[in-house]
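Heads up, the thing below is written out as structure tokens.
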Amino acid sequence: MTETWKTRPETPSDVTAIREVTLAAFPTSEEADLVDALRADRDAWIDGLSLVGTTGDGVVVAHALLTRCRVGDGPALALGPCSVRPAQQRRGAGSATIRAALDAARERWENLVVVLGHAEYYPRFGFTPASRRGIRAAFEAPDEALMALALDPGRPVPSGVIRYPPAFGV
């Protein structure tokens with residue numbers, strides 16, 4: 001039986017649950033602390049682009065975050081951290097939440113999204129190596145792990161070095 005996950009933008013009452021999901025999904029508090037720092041950064045945070053995935057009864061089990069970054073001189077979004085409670089991993093909650101976040105960005109007329117993540121996971125959403133678009137990080141990153149997605153392939157995307165929000169520490 002396939003589960004149906006509900007997705008929606010985070011609300012102030014979700015902040016604690018998002019932190020709990022992120023702490024459960026990663027071995028250290030680094031990613032949870034990053035989410036909190038990004039939420040506090042007025043230049044990086046975009047209301048409506050932090051999405052949660054919930055069970056049918058409203059329990060938050062997944063989170064996907066898009067924040068403002070820049071590629072070269074153009075605006076872009078950074079995807080991550082993304083997290084799913086371990087008990088719900090590999091059941092579609094994360095994919096549903098990421099798709100909802102990308103759809104929300106598309107509705108806001110955003111175009112370029114970059115992610116540093118698992119090369120086996122993110123291509124299912126349309127991500128390809130960022131190097132194919134002339135996009136690179138300011139630090140060493142495996143080519144297959146640094147990916148980009150144009151939400152509207154007909155629109156131009158910037159190229160150059162990704163400038164992440166200060167909270168990323170890079």
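Labels used: A, B, ... for chains in the order of the structure tokens, numbers from 1 for residues in each chain, and numbers from 1 for ligands as shown.
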
Could you name the residues that touch Thr67 of chain A at 8 Å or less, counting only C-alpha atoms, but leaving out those on the same chain fewer than 6 positions away, as an mmCIF file with N, CA and C atoms, in the first residue's frame?
data_model
loop_
_atom_site.group_PDB
_atom_site.id
_atom_site.type_symbol
_atom_site.label_atom_id
_atom_site.label_comp_id
_atom_site.auth_asym_id
_atom_site.auth_seq_id
_atom_site.Cartn_x
_atom_site.Cartn_y
_atom_site.Cartn_z
ATOM 1 N N LEU A 38 19.369 29.630 9.171
ATOM 2 C CA LEU A 38 18.793 30.123 7.916
ATOM 3 C C LEU A 38 17.454 30.806 8.166
ATOM 4 N N ALA A 44 18.305 35.267 3.398
ATOM 5 C CA ALA A 44 18.251 33.898 2.865
ATOM 6 C C ALA A 44 16.846 33.300 2.926
ATOM 7 N N TRP A 45 16.128 33.596 3.994
ATOM 8 C CA TRP A 45 14.827 32.966 4.235
ATOM 9 C C TRP A 45 13.760 33.516 3.298
ATOM 10 N N ILE A 46 12.966 32.636 2.718
ATOM 11 C CA ILE A 46 11.850 33.034 1.862
ATOM 12 C C ILE A 46 10.600 32.354 2.410
ATOM 13 N N LEU A 49 8.831 28.745 1.384
ATOM 14 C CA LEU A 49 9.731 27.784 0.746
ATOM 15 C C LEU A 49 10.404 26.843 1.746
ATOM 16 N N LEU A 77 18.267 29.337 -5.730
ATOM 17 C CA LEU A 77 17.833 28.766 -4.467
ATOM 18 C C LEU A 77 18.737 27.582 -4.136
ATOM 19 N N ALA A 78 19.017 27.426 -2.851
ATOM 20 C CA ALA A 78 19.752 26.264 -2.369
ATOM 21 C C ALA A 78 18.751 25.328 -1.701
ATOM 22 N N LEU A 79 18.739 24.073 -2.111
ATOM 23 C CA LEU A 79 17.883 23.061 -1.503
ATOM 24 C C LEU A 79 18.665 22.378 -0.395
#

Legend entry - Shortest interatomic distance to His63 of chain A - which of A:Gly80, A:Pro123, A:Pro166, A:Pro75, counting only C-alpha atoms: A:Gly80

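Counting only C-alpha atoms, the residue from A:Thr128, A:Thr54, A:Glu110, A:Arg19 that sits nearest to Ala37 of chain A is A:Arg19.
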
Legend entry - Nearby residues (only C-alpha atoms) at most 7 Å from Ala130 of chain A, same-chain spacing under 2 positions excluded, as a list in words: Thr128, Arg132, Arg133, Gly134, Ile135, Arg136, Leu146, Met147 and Ala148 of chain A

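Atom to atom, atom CA of Glu10 of chain A and atom CA of Ser50 of chain A stand 5.7 Å apart.
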
Give me, as JSON lines, the closest atom pair and its distance (Å, one decimal) for every residue of segment 15-93 of chain A within a cut-off of 6 Å of segment 154-159 of chain A, counting only C-alpha atoms, rows sorted by chain and rising number.
{"residue": "A:Val71", "atom": "CA", "partner": "A:Ser159", "partner_atom": "CA", "distance": 5.9}
{"residue": "A:Gly72", "atom": "CA", "partner": "A:Ser159", "partner_atom": "CA", "distance": 5.6}
{"residue": "A:Gly74", "atom": "CA", "partner": "A:Pro158", "partner_atom": "CA", "distance": 5.5}

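Coordinates place atom CA of Gly56 of chain A at a distance of 17.8 Å from atom CA of Arg99 of chain A.
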
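For the pair atom CA of Arg108 of chain A and atom CA of Leu151 of chain A, the separation is 10.7 Å.
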
Legend entry - Val84 of chain A surroundings by only C-alpha atoms, 8 Å radius, close-in-sequence under 6 positions cut, as an MDAnalysis selection string: chainID A and resid 21:22 24:25 61:63 93:94

Expected file contents, prior selection, all heavy atoms, as a compact mmCIF listing (two decimals), in the first residue's frame:
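Output (again.txt):
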# COMPACT_ATOMS: atom_id res chain seq x y z
N VAL A 21 12.66 16.49 13.69
CA VAL A 21 12.82 15.65 12.50
C VAL A 21 14.27 15.72 12.02
O VAL A 21 14.89 14.69 11.70
CB VAL A 21 11.84 16.07 11.39
CG1 VAL A 21 12.20 15.43 10.05
CG2 VAL A 21 10.42 15.72 11.77
N THR A 22 14.82 16.91 11.96
CA THR A 22 16.18 17.09 11.46
C THR A 22 17.19 16.44 12.40
O THR A 22 18.13 15.79 11.95
CB THR A 22 16.47 18.59 11.25
OG1 THR A 22 15.43 19.16 10.44
CG2 THR A 22 17.80 18.79 10.55
N ALA A 24 16.64 13.89 14.28
CA ALA A 24 16.49 12.44 14.14
C ALA A 24 17.12 11.92 12.85
O ALA A 24 17.59 10.78 12.80
CB ALA A 24 15.01 12.06 14.20
N ALA A 25 17.14 12.74 11.82
CA ALA A 25 17.60 12.30 10.50
C ALA A 25 19.11 12.34 10.33
O ALA A 25 19.63 11.68 9.44
CB ALA A 25 16.93 13.15 9.41
N VAL A 61 6.74 14.67 9.56
CA VAL A 61 7.72 13.59 9.42
C VAL A 61 8.82 13.94 8.42
O VAL A 61 9.81 13.20 8.33
CB VAL A 61 7.05 12.26 9.02
CG1 VAL A 61 6.07 11.80 10.09
CG2 VAL A 61 6.37 12.36 7.66
N ALA A 62 8.66 15.03 7.67
CA ALA A 62 9.66 15.40 6.66
C ALA A 62 9.74 16.92 6.55
O ALA A 62 8.79 17.63 6.87
CB ALA A 62 9.30 14.79 5.31
N HIS A 63 10.88 17.38 6.07
CA HIS A 63 11.11 18.81 5.89
C HIS A 63 12.02 19.02 4.69
O HIS A 63 13.00 18.29 4.50
CB HIS A 63 11.75 19.40 7.15
CG HIS A 63 12.07 20.85 7.03
ND1 HIS A 63 13.34 21.34 7.11
CD2 HIS A 63 11.27 21.92 6.81
CE1 HIS A 63 13.31 22.66 6.96
NE2 HIS A 63 12.07 23.03 6.77
N ALA A 93 7.91 10.13 1.83
CA ALA A 93 7.64 11.40 2.51
C ALA A 93 8.63 12.48 2.08
O ALA A 93 8.25 13.63 1.83
CB ALA A 93 7.69 11.22 4.03
N GLY A 94 9.91 12.13 1.99
CA GLY A 94 10.91 13.11 1.57
C GLY A 94 10.71 13.55 0.14
O GLY A 94 10.75 14.75 -0.16

Inset, instruction - Write out as a count of residues only all residues of segment 20-152 of chain A that backbone DSSP assigns to strand (DSSP E). - result: 42

Inset, instruction - Enumerate as a ChimeraX atom specification all residues of segment 47-143 of chain A assigned to helix (DSSP H, G or I) by DSSP on the backbone, naming them with the chain letters and numbers the document uses. - result: /A:86-88,93-107,122-125,130-133

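For the residues A:Ala100, A:Ala87, A:Asp41, A:Ala32, ranking by smallest atom-to-atom distance to Pro9 of chain A using only C-alpha atoms places A:Ala100 first.
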
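Among the candidate residues A:Asp36, A:Leu65, A:Phe125, A:Trp5, the one lying nearest to Gly92 of chain A is A:Trp5, with distances computed using only C-alpha atoms.
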
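Residue nearest Leu51 of chain A within the list A:Asn111, A:Pro165, A:Phe139, A:Ala101: A:Ala101 [criterion: smallest interatomic distance, only C-alpha atoms].
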
Legend entry - Polymer residues at most 10 Å from Gly117 of chain A, only C-alpha atoms, same-chain spacing of 3 or more positions, as a PyMOL selection string: chain A and resi 79-82+114+120-122+141-142+144-147
